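*Asks:* Below is the structure I would like to discuss, written out as structure tokens.
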Amino acid sequence: MPINELRSISTFVKTADLGSLRQAAAAQGMTPQAASQALAQLEKHLGVRLFHRTTRNMQLTAEGQQFLDAARPSLAGLERALAQARDAKDEIAGPLRIVGPHSTFRPVLASLLQEFCEIHPEVQADVQLDDRIGNWVEDRADVGFRIGLSPAEGVIARRLFPMQLIICAAPRYLERHGAPERIEQLAEHRCSVFRFPSTGRVMPWRLRQGDSSIEQDVPPSFCVNEEEMETEAVLGGRVLGQLTAITAAAHIRAGRLVPLLTPHVADFSSVFVYYGSRVSQPARVRAFIDLAIDRLANNHTYVLSQQELHTAEERGRALFVRGAAQAGASAP
């Protein structure tokens with residue numbers, strides 16, 4: 001229904017209730033002239049006269065009474081619907097559609113959702129994880145996460161933290177195969193590579209070379225399209241792997257993995273949260289965005305400082321050298 005018809009009908013009903021066009025105008029925040037024009041437009045549109053007008057009062061015509069009886073229930077229903085929509089906007093309940101990458105980001109999102117849903121149990125989270133770059137409109141997303149940049153124009157993107165790519169080895173691997181000292185020596189080692197599930201393409205290792213990012217092909221001793229299995233292979237000492245700090249940070253800090261060639265850790269990409277305009281978002285969406293930014297922006301859980309990386313590499317290499325010396329001294 002065009003807004004001028006809705007306005008005119010509202011003015012008509014309010015005038016009938018109050019018996020005064022001037023009072024009806026004041027109740028709706030209109031000028032008497034605007035209210036009179038709205039009523040005149042409605043009568044012209046319907047082709048009937050709705051009120052008998054005198055200088056002192058207004059009385060419904062028979063057609064006006066008939067129209068009032070028919071319009072009042074519908075108008076009341078519409079007003080209830082509008083009020084419910086306004087209330088729902090401020091209620092932290094209802095569906096919340098979230099999209100994001102499957103690889104790497106799943107444990108971060110799982111922890112965030114666990115906290116959010118405990119705080120707001122009336123929200124129904126609908127999560128779609130996919131490594132492809134989706135379409136904001138087609139995915140019907142309220143909130144999205146992406147590694148890189150915002151995938152579409154017209155959305156707001158907020159950087160959360162850098163995505164580090166770290167070459168890692170388990171102490172067991174270093175005992176068996178040693179550690180590369182230079183990028184060129186990676187070709188002599190057993191390396192794992194990740195195959196994108198969506199495209200089947202093998203991802204080269206991305207390394208920092210000075211201020212630039214380079215791609216390094218490595219011999220694939222192990223190829224997999226699932227990050228957890230790749231991580232298990234690296235932790236088991238079978239291969240070297242380039243893992244994200246999201247996955248590797250806790251293992252490095254605990255000594256289960258040793259970072260290698262740390263001056264070449266790449267951190268050119270970042271994790272972003274993206275969303276539409278906050279002006280008309282439901283409260284549940286705003287609350288989730290606020291929690292995501294509060295918990296994830298510059299979160300050191302998923303990022304290792306250069307000092308941490310250097311210290312962990314030096315410590316891991318020292319243990320390997322000491323172990324090799326002890327093994328040599330005990331040999332007959």
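Each chain in the structure tokens gets a letter, A, B and so on, in the order shown; residues start at 1 in every chain, and ligands are counted from 1 in the order they appear.
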Hey, what's within 9 Å of Glu228 (chain A) if we count only C-alpha atoms and toss same-chain stuff fewer than 2 positions away? As number ranges by chain, please?

*Replies:* A: 103-104, 226, 230-233, 247

*Asks:* Dump as a tab-separated table the rows for residues of region 231-290 of chain A within 7 Å of region 190-210 of chain A: closest atom pair and distance in Å with one decimal, only C-alpha atoms counted, ordered by chain and rising residue number.

*Replies:*
```
residue	atom	partner	partner_atom	distance
A:Val239	CA	A:Arg190	CA	5.1
A:Leu240	CA	A:Cys191	CA	4.7
A:Gly241	CA	A:Ser192	CA	5.1
A:Gln242	CA	A:Trp205	CA	6.7
A:His264	CA	A:Arg208	CA	4.3
A:Val265	CA	A:Arg208	CA	5.7
A:Ala266	CA	A:Arg208	CA	4.9
```

*Asks:* Among region 47-285 of chain A, which residues does DSSP mark as strand (DSSP E) when it is run on the backbone? Keep the chain and numbering as in the structure and answer as a PyMOL selection string.

*Replies:* chain A and resi 51-53+58-60+94-100+123-129+143-147+156-169+191-195+202-203+205-209+212-216+220-224+241-244+258-260+266-275

*Asks:* Applying 7 Å and only C-alpha atoms, which residues near region 128-131 of chain A remain after dropping the ones on its own chain fewer than 5 positions away? List them as an MDAnalysis selection string.

*Replies:* chainID A and resid 98:103 198

*Asks:* Write the residues of the preceding selection, restricted to C-alpha atoms, as a compact mmCIF listing (two decimals), in the first residue's frame.

*Replies:*
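File written: selection_16.txt
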```
# COMPACT_ATOMS: atom_id res chain seq x y z
CA ILE A 98 26.90 -16.59 9.83
CA VAL A 99 29.24 -17.52 6.96
CA GLY A 100 32.98 -18.11 7.03
CA PRO A 101 35.86 -20.28 5.83
CA HIS A 102 35.87 -23.94 6.81
CA SER A 103 39.63 -24.39 6.89
CA SER A 198 36.57 -26.24 -3.31
```

*Asks:* Counting only C-alpha atoms, what is within 8 Å of region 291-303 of chain A, bar same-chain residues fewer than 3 positions away, as a list in words?

*Replies:*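 Answer for this query is Leu112, Phe116, Arg159, Leu160, Phe161, Pro162, Met163, Gln164, Ala245, Ile246, Thr247, Ala249, Ala250, Val273, Ala287 and Phe288 of chain A.
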
*Asks:* Let me see the file: selected residues, C-alpha atoms, as a JSON list (two decimals), in the first residue's frame.

*Replies:*
```json
[["chain", "number", "residue", "atom", "x", "y", "z"],
["A", 112, "LEU", "CA", 33.06, -17.46, 19.85],
["A", 116, "PHE", "CA", 27.59, -15.95, 22.47],
["A", 159, "ARG", "CA", 40.19, -6.31, 10.52],
["A", 160, "LEU", "CA", 40.54, -8.65, 13.48],
["A", 161, "PHE", "CA", 44.12, -10.00, 13.44],
["A", 162, "PRO", "CA", 46.89, -10.92, 10.97],
["A", 163, "MET", "CA", 46.97, -14.42, 9.53],
["A", 164, "GLN", "CA", 50.47, -15.80, 10.06],
["A", 245, "ALA", "CA", 49.15, -19.41, 13.73],
["A", 246, "ILE", "CA", 45.51, -20.11, 14.61],
["A", 247, "THR", "CA", 46.40, -23.80, 14.50],
["A", 249, "ALA", "CA", 50.38, -21.08, 18.19],
["A", 250, "ALA", "CA", 49.28, -23.23, 21.12],
["A", 273, "VAL", "CA", 34.60, -9.77, 10.03],
["A", 287, "ALA", "CA", 25.51, -8.07, 19.75],
["A", 288, "PHE", "CA", 27.36, -10.81, 17.86]]
```

*Asks:* Quick one: everything within 8 Å of region 9-14 of chain A, counting only C-alpha atoms, minus sequence neighbours fewer than 6 positions away in the same chain. Send it as a ChimeraX atom specification.

*Replies:* /A:24-25,28,35,38-39,42,68,71-72,75

*Asks:* Could you write out the selected residues, including N, CA, C and O atoms, as a short mmCIF file (atom, residue, chain, number, x, y, z; two decimals), in the first residue's frame?

*Replies:*
```cif
data_model
loop_
_atom_site.label_atom_id
_atom_site.label_comp_id
_atom_site.auth_asym_id
_atom_site.auth_seq_id
_atom_site.Cartn_x
_atom_site.Cartn_y
_atom_site.Cartn_z
N ALA A 24 -6.87 15.31 15.33
CA ALA A 24 -6.27 14.17 14.64
C ALA A 24 -4.89 14.53 14.09
O ALA A 24 -3.94 13.75 14.15
N ALA A 25 -4.78 15.76 13.54
CA ALA A 25 -3.50 16.22 13.01
C ALA A 25 -2.46 16.30 14.12
O ALA A 25 -1.32 15.85 13.97
N GLN A 28 -1.08 12.96 15.27
CA GLN A 28 -0.18 12.30 14.32
C GLN A 28 1.04 13.14 13.97
O GLN A 28 1.83 12.76 13.10
N ALA A 35 -3.27 17.32 7.26
CA ALA A 35 -4.32 16.35 7.59
C ALA A 35 -5.53 16.55 6.69
O ALA A 35 -6.13 15.57 6.20
N ALA A 38 -4.72 15.13 3.31
CA ALA A 38 -4.70 13.66 3.30
C ALA A 38 -6.13 13.12 3.23
O ALA A 38 -6.41 12.16 2.49
N LEU A 39 -7.03 13.74 3.99
CA LEU A 39 -8.42 13.29 3.99
C LEU A 39 -9.08 13.55 2.65
O LEU A 39 -9.84 12.72 2.12
N LEU A 42 -8.01 10.95 0.15
CA LEU A 42 -8.67 9.67 0.35
C LEU A 42 -10.08 9.69 -0.22
O LEU A 42 -10.51 8.74 -0.90
N LEU A 68 -15.06 2.95 7.77
CA LEU A 68 -14.40 2.89 9.07
C LEU A 68 -14.48 1.49 9.66
O LEU A 68 -13.49 0.95 10.17
N ALA A 71 -12.06 -0.67 7.71
CA ALA A 71 -10.63 -0.32 7.75
C ALA A 71 -10.02 -0.46 9.14
O ALA A 71 -8.83 -0.77 9.27
N ARG A 72 -10.83 -0.22 10.20
CA ARG A 72 -10.26 -0.18 11.54
C ARG A 72 -9.53 -1.48 11.93
O ARG A 72 -8.40 -1.43 12.42
N LEU A 75 -6.23 -1.76 9.99
CA LEU A 75 -5.26 -0.76 10.42
C LEU A 75 -4.68 -1.14 11.79
O LEU A 75 -3.47 -1.00 12.02
#
```

*Asks:* Pick out the residues sitting within 12 Å of Arg56 (chain A), and hand them over as a ChimeraX atom specification; count only C-alpha atoms, and ignore anything fewer than 3 positions along from it in its own chain.

*Replies:* /A:19-22,52-53,59

*Asks:* Just asking: which residues within region 124-282 of chain A are helix (DSSP H, G or I) according to DSSP, as a ChimeraX atom specification?

*Replies:* /A:136-139,171-177,183-188,227-235,245-253,262-264

*Asks:* For each of A:Thr262, A:Ser305, A:Ile166, A:Ala283, take the minimum atom-to-atom distance to His120 (chain A), counting only C-alpha atoms, then give the residue where this is smallest.

*Replies:*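 Ranked by minimum distance to His120 (chain A), first place goes to A:Ala283.
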
*Asks:* Expressed in Å to a single decimal, how great is the separation between CA of Ser213 (chain A) and CA of Gly144 (chain A)?

*Replies:*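 Those two atoms sit 26.1 Å apart.
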
*Asks:* Can you measure CA of Leu235 (chain A) to CA of Glu215 (chain A) for me? One decimal in Å is fine.

*Replies:* 23.8 Å

*Asks:* Nearest residue to Ala248 (chain A) out of A:Ile183, A:Cys168, A:Glu122, A:Asp142, using only C-alpha atoms?

*Replies:*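 The shortest atom-to-atom distance to Ala248 (chain A) comes from A:Cys168.
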
*Asks:* Residues near Val123 (chain A), anyone? I mean within 10 Å using only C-alpha atoms, not counting same-chain ones fewer than 6 positions away, as a tab-separated table (two decimals) with N, CA and C atoms, in the first residue's frame.

*Replies:*
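Result went into around-v4.tsv, see below:
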```tsv
chain	number	residue	atom	x	y	z
A	91	GLU	N	15.29	-7.00	20.31
A	91	GLU	CA	15.29	-8.23	21.09
A	91	GLU	C	16.43	-9.12	20.61
A	92	ILE	N	17.23	-9.62	21.54
A	92	ILE	CA	18.34	-10.49	21.18
A	92	ILE	C	17.81	-11.92	21.13
A	93	ALA	N	17.14	-12.22	20.05
A	93	ALA	CA	16.54	-13.54	19.83
A	93	ALA	C	16.28	-13.69	18.34
A	94	GLY	N	16.10	-14.94	17.91
A	94	GLY	CA	15.79	-15.19	16.51
A	94	GLY	C	16.99	-15.73	15.74
A	95	PRO	N	16.84	-15.89	14.44
A	95	PRO	CA	17.90	-16.50	13.63
A	95	PRO	C	19.07	-15.56	13.40
A	96	LEU	N	20.27	-16.14	13.38
A	96	LEU	CA	21.50	-15.39	13.11
A	96	LEU	C	22.31	-16.20	12.11
A	116	PHE	N	28.74	-16.78	22.84
A	116	PHE	CA	27.59	-15.95	22.47
A	116	PHE	C	26.27	-16.66	22.78
A	117	CYS	N	26.18	-17.94	22.44
A	117	CYS	CA	24.92	-18.66	22.64
A	117	CYS	C	24.65	-18.93	24.12
A	284	ARG	N	20.38	-8.82	17.83
A	284	ARG	CA	21.18	-10.04	17.91
A	284	ARG	C	22.40	-9.97	17.01
A	285	VAL	N	22.23	-9.32	15.85
A	285	VAL	CA	23.37	-9.18	14.93
A	285	VAL	C	24.38	-8.20	15.49
```

*Asks:* Which of these residues is nearest to Leu113 (chain A), using only C-alpha atoms: A:Leu6, A:Ala170, A:Ala157, A:Ile289?

*Replies:* A:Ile289

*Asks:* Between CA of Ala179 (chain A) and CA of Ser269 (chain A), what is the distance in Å, rounded to a tenth?

*Replies:*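 These atoms are spaced 26.3 Å apart.
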
*Asks:* From the options A:Gly148, A:Gly64, A:Pro219, A:Pro32, which residue's atoms come nearest to Ser270 (chain A), counting only C-alpha atoms?

*Replies:*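 With only C-alpha atoms as the atom set, the closest residue is A:Gly148.
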